Structures are given as structure tokens and as C-alpha cells.
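Peer 1: The structure's right below; bear with me while I get my questions together.
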Amino acid sequence: MTAIQHYLQFTDLNASQYAYLFDRATLIKMKFKAYQKHQPLVDRTLAMIFEKASTRTRVSFEAGMYQLGGSVVHLTTGDSQLGRAEPIEDSARVISRMVDLVMIRTFEQAKIERFAEFSRVPVINGLTNEFHPCQILADIFTYIEHRGSIQGKTVAWVGDGNNMANTWLQAAELLDFKVNVSTPSGYEVNEKMASITGKISPNHYQTFSNPMDACRGADLVTADVWTSMGYEAENEVRKQAFAAWRVTADMMAVAKPTALFMHCLPAHRGEEVDADVIDGAQSVVWDEAENRMHVQKALMEFLLLGRLS
Ligand code: CP
Ligand code: NVA
């Protein structure tokens, strides 16, 4: 039996598979815009399991699966036995006998890895504490749409060394670009966990204590909430610690004149980003959000059907 292709971390696919996915997402998006049907997943079912809140991930996967001709089952911790301590292994065995694909948003990465181990069908990471691969897939697709290949480019990460930052580092190693990271002290990226090899080359990762320096000469500036889901108890402490890690027009001004601004959303204007940046001319956050749906349609098609010509 061939191994099931899951998508639990960005490193689960290689550069050639990403090149295929980006091409495929372009085609799928073009057809969507032209109101042309694209239904390779008729009679297939996606189960979506949410243990944390979501707007974009829920809508993009649900609308996307229907557009592909399939259907969706939506579960949350509160309305399923997952919230009443049914073992994750048992949930995986049962759910994966009834559906073709599972998307999970949960807390520890170890939990989704365990689900995948016992699943008969591909499992997609819809965000964990450690990683958010579908978002980076959409972000890189958005960069390519606006500016061409990301290879050799520099991405500035301003803020928390969180799931998004970890995934950017994985993508930088895999697709050969660089991430300049500036976090407050105590909120650094866990390089060992994020990296494929445990140690990321300076060609792909550089740290800066001053966020302005991380943005200097960057092709893309990106930020995320100061407090991720699951860390709400730290909110007040984080507000103090992150005060200087807000993306401002001055930071955008030291990036390349062609630099884009991205944010996975939801955003807090006046916290991690100023309104004139996120609502300004260099911001592509709405394309970025929309592209979640197009790239995930390409991903679901790929996981179930492989490469199509
Ligand atoms: N960016 C993102 O994953 O958004 P949601 O939390 O709304 O799904
Ligand atoms: N880092 C954020 C991303 C939200 C899409 C979180 O985990 O809450």
C-alpha cells in the first residue's frame, strides 16, 4: 500500500510539487473567476474539525470543497465526542472510514500527527500552535501573482515567533528565499523545531533585534497578531512586550519600493500593524485571504487525485 500523502507541515511537499500546486491554483482561480465549473471531487467528502475559532479557514475549505463538486461535514470540539475525551486515535479511525479527506485546526502539532497516523485518508493542517501551512501556501501564491517567483527574495517577519513564523522558515528553506525575523526578546522562533535540518542557513534566516532593520530592503513585510489563539491569558503581558513590533509606514518606507504587505488576518489595527499600512497601497491582504480558497482547492485535488494534466 502506498503511503497516504498528508499535509501536516509545509515540508510535507517538495519544491516541484509546490510549483505544480501554484500552476494548478492559477488555473482553478481563473475558472472560478470565469464562472466555469471545475468539479473533480464529485461524491467526495471533507470533514473539517475545528478546536479553535476560524473565519477564513472555514469558509475557504467549505466553499472550496463545494465548488470542487464535493461536500463537507463540520465538527467542533463542543459538538462532537472530541470534546468529551474520545481518544484522537479512535476519532481518526472512525471519521476516516466515512470521508475522503480531513482538515483539522487544533492546538498541539502532536495531536494532528497522531490523528494522521490512524487516518485512512489524507489529513490537512488548518492551523496548529506550531504551524499554519495552508496560510503560507496562500501567501506565497499571492506573492507570485503580484511579483513573480519568491526564490531569492527577502520576507520580513515582524512580531511573534509563532506558527506563521515557523512555517515561513520551513518555506524559505524549501523554496530558497530568506526570512528576516524580528521578535521581542523571549518570543523568538524555535529554529530547531521550524527547520528541516535543525539549523537554518543564514541565506534563509536572519534575526534582528530592531524590526526596522528586518524590514530594510525586504520584498515583503508581514505580521500577525501579538497573541495567537490559545495564548489569550498572556494578552496583557504581550501588549507591553510587543509595543515596538507594530508595522508602520516608516518600516514600509525602508523596505523595497515594490514591497508588499501581508497579514494572515484577523488583524488588530493599531497593534501589530498601523491602519495606513494594512489599508494602504502596498497591502495585498484581501487577495491573500481569497487565495486561501484557490490554493486549498488545488491542494485537496492534489491530495486525492495526484497530478492532473
Ligand atoms: N488566517 C486564518 O487562518 O484565518 P481564520 O482564523 O479566520 O481561519
Ligand atoms: N498566529 C495566529 C494565526 C491566526 C490565523 C493564531 O494562531 O491565532
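The way I read the labels, and the way they are meant: chains A, B, ... in the order of the C-alpha cells, residue 1 as the first residue of every chain, and ligand 1 as the first ligand shown, with later ones counted on from there.
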Using only C-alpha atoms and all ligand atoms, which residues have at least one atom no more than 9 Å from ligand 1? Output them as JSON, numbers by chain.

Peer 2: {"A": [52, 53, 54, 55, 56, 57, 58, 59, 60, 105, 126, 127, 132, 134, 135, 229, 263, 264, 265, 266, 289, 292]}

Peer 1: Can you write out the residues you just picked, keeping C-alpha atoms, as a short mmCIF file (atom, residue, chain, number, x, y, z; two decimals), in the first residue's frame?

Peer 2:
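Written out: out-v6.cif:
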data_model
loop_
_atom_site.label_atom_id
_atom_site.label_comp_id
_atom_site.auth_asym_id
_atom_site.auth_seq_id
_atom_site.Cartn_x
_atom_site.Cartn_y
_atom_site.Cartn_z
CA LYS A 52 -10.21 26.80 17.64
CA ALA A 53 -12.19 29.65 16.05
CA SER A 54 -11.99 30.43 12.34
CA THR A 55 -13.48 32.60 9.62
CA ARG A 56 -11.17 32.27 6.58
CA THR A 57 -10.20 28.62 7.02
CA ARG A 58 -13.78 27.52 7.50
CA VAL A 59 -15.20 29.49 4.58
CA SER A 60 -12.34 28.76 2.19
CA ARG A 105 -7.46 23.06 13.31
CA GLY A 126 -5.73 24.00 9.15
CA LEU A 127 -3.50 25.56 11.88
CA HIS A 132 -0.07 27.08 9.53
CA CYS A 134 -2.20 26.43 4.20
CA GLN A 135 -1.73 30.12 5.01
CA MET A 229 -5.29 31.55 19.75
CA HIS A 263 -1.14 39.65 7.19
CA CYS A 264 -2.91 36.30 7.54
CA LEU A 265 -5.81 38.03 9.39
CA PRO A 266 -7.64 38.63 11.66
CA ALA A 289 -7.37 35.86 2.12
CA ARG A 292 -6.68 30.58 0.65
#

Peer 1: According to DSSP computed on the backbone, where in range 132-166 of chain A is there strand (DSSP E)? Give the residues as a PyMOL selection string.

Peer 2: chain A and resi 154-158

Peer 1: For N, CA and C atoms, I'd like the residues from the last selection saved as a PDB file, in the first residue's frame.

Peer 2:
ATOM      1  N   THR A 154      13.415  38.466  -0.129  1.00  0.00           N
ATOM      2  CA  THR A 154      13.514  38.591   1.330  1.00  0.00           C
ATOM      3  C   THR A 154      12.160  38.961   1.927  1.00  0.00           C
ATOM      4  N   VAL A 155      11.743  38.158   2.885  1.00  0.00           N
ATOM      5  CA  VAL A 155      10.489  38.382   3.609  1.00  0.00           C
ATOM      6  C   VAL A 155      10.847  38.892   5.012  1.00  0.00           C
ATOM      7  N   ALA A 156      10.246  39.996   5.436  1.00  0.00           N
ATOM      8  CA  ALA A 156      10.483  40.491   6.805  1.00  0.00           C
ATOM      9  C   ALA A 156       9.327  40.050   7.689  1.00  0.00           C
ATOM     10  N   TRP A 157       9.654  39.357   8.759  1.00  0.00           N
ATOM     11  CA  TRP A 157       8.638  38.924   9.734  1.00  0.00           C
ATOM     12  C   TRP A 157       8.788  39.793  10.976  1.00  0.00           C
ATOM     13  N   VAL A 158       7.714  40.522  11.319  1.00  0.00           N
ATOM     14  CA  VAL A 158       7.755  41.439  12.462  1.00  0.00           C
ATOM     15  C   VAL A 158       6.754  40.954  13.498  1.00  0.00           C
TER      16      VAL A 158
END

Peer 1: May I ask which of the residues A:Asp219, A:Asp224, A:Asp23, A:Asp100 is the closest one to ligand 2, counting only C-alpha atoms and all ligand atoms?

Peer 2: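 Smallest distance to ligand 2 is found for A:Asp224.
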
Peer 1: Can you pull out every residue within 12 Å of Phe141 in chain A, counting only C-alpha atoms, but drop anything in the same chain fewer than 3 positions away, and send it as a PyMOL selection string?

Peer 2: chain A and resi 18-26+29+134-138+144-150+262+284+287-296+298

Peer 1: Near Ile124 in chain A, counting only C-alpha atoms, which residues have an atom at most 8 Å away, once you skip same-chain residues fewer than 2 positions from it, shown as a short mmCIF file (atom, residue, chain, number, x, y, z; two decimals) with C-alpha atoms, in the first residue's frame?

Peer 2:
data_model
loop_
_atom_site.label_atom_id
_atom_site.label_comp_id
_atom_site.auth_asym_id
_atom_site.auth_seq_id
_atom_site.Cartn_x
_atom_site.Cartn_y
_atom_site.Cartn_z
CA HIS A 6 -0.89 14.20 4.32
CA TYR A 7 -0.31 17.95 4.57
CA LEU A 8 0.67 18.49 8.20
CA LEU A 101 -10.29 13.97 3.40
CA VAL A 102 -9.93 15.60 6.83
CA MET A 103 -8.92 19.16 7.72
CA ILE A 104 -8.08 19.85 11.37
CA PRO A 122 -5.23 12.45 3.83
CA GLY A 126 -5.73 24.00 9.15
#

Peer 1: Might you pull out every residue within 7 Å of range 10-13 of chain A, with only C-alpha atoms counted and same-chain residues fewer than 6 positions away left off, and present them as a list in words?

Peer 2: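 Residues near the query, excluding close chain neighbours: Pro133, Thr167, Gln170 and Ala171 of chain A.
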
Peer 1: Could you save the residues just selected, with all heavy atoms, as a PDB file, in the first residue's frame?

Peer 2:
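To be explicit, this is the file written out as result_37.pdb:
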ATOM      1  N   PRO A 133       0.479  25.760   7.530  1.00  0.00           N
ATOM      2  CA  PRO A 133       0.988  25.617   6.157  1.00  0.00           C
ATOM      3  C   PRO A 133       0.043  26.122   5.065  1.00  0.00           C
ATOM      4  O   PRO A 133       0.518  26.644   4.048  1.00  0.00           O
ATOM      5  CB  PRO A 133       1.224  24.108   6.021  1.00  0.00           C
ATOM      6  CG  PRO A 133       0.416  23.467   7.090  1.00  0.00           C
ATOM      7  CD  PRO A 133       0.355  24.455   8.210  1.00  0.00           C
ATOM      8  N   THR A 167       6.376  28.485   9.980  1.00  0.00           N
ATOM      9  CA  THR A 167       6.053  27.953   8.651  1.00  0.00           C
ATOM     10  C   THR A 167       6.766  28.760   7.564  1.00  0.00           C
ATOM     11  O   THR A 167       7.210  28.205   6.553  1.00  0.00           O
ATOM     12  CB  THR A 167       4.532  27.923   8.436  1.00  0.00           C
ATOM     13  OG1 THR A 167       3.913  27.387   9.607  1.00  0.00           O
ATOM     14  CG2 THR A 167       4.160  27.058   7.247  1.00  0.00           C
ATOM     15  N   GLN A 170      10.160  27.259   7.297  1.00  0.00           N
ATOM     16  CA  GLN A 170      10.161  25.996   6.550  1.00  0.00           C
ATOM     17  C   GLN A 170      10.108  26.273   5.043  1.00  0.00           C
ATOM     18  O   GLN A 170      10.822  25.652   4.256  1.00  0.00           O
ATOM     19  CB  GLN A 170       8.948  25.147   6.937  1.00  0.00           C
ATOM     20  CG  GLN A 170       9.000  24.621   8.364  1.00  0.00           C
ATOM     21  CD  GLN A 170       7.994  23.503   8.595  1.00  0.00           C
ATOM     22  OE1 GLN A 170       6.897  23.525   8.048  1.00  0.00           O
ATOM     23  NE2 GLN A 170       8.372  22.539   9.410  1.00  0.00           N
ATOM     24  N   ALA A 171       9.252  27.225   4.673  1.00  0.00           N
ATOM     25  CA  ALA A 171       9.081  27.539   3.254  1.00  0.00           C
ATOM     26  C   ALA A 171      10.359  28.157   2.679  1.00  0.00           C
ATOM     27  O   ALA A 171      10.733  27.876   1.536  1.00  0.00           O
ATOM     28  CB  ALA A 171       7.901  28.489   3.072  1.00  0.00           C
TER      29      ALA A 171
END

Peer 1: Compare A:Lys153, A:Lys199, A:Arg93, A:Arg238 by their minimum atom-to-atom distance to Ser185 in chain A, counting only C-alpha atoms, and give me the closest one.

Peer 2: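 Of A:Lys153, A:Lys199, A:Arg93, A:Arg238, the one nearest Ser185 in chain A, counting only C-alpha atoms, is A:Arg238.
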
Peer 1: Hey, what's within 12 Å of Gln36 in chain A if we count only C-alpha atoms and toss same-chain stuff fewer than 6 positions away? As a list in words, please?

Peer 2: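 Skipping anything fewer than 6 positions along the chain leaves Leu27, Ile28, Lys29, Met30, Gln67 and Leu68 of chain A.
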
Peer 1: Counting only C-alpha atoms and all ligand atoms, figure out which residue out of A:Leu260, A:Ala165, A:Ala116, A:Leu174 gets nearest to ligand 2.

Peer 2: A:Ala165
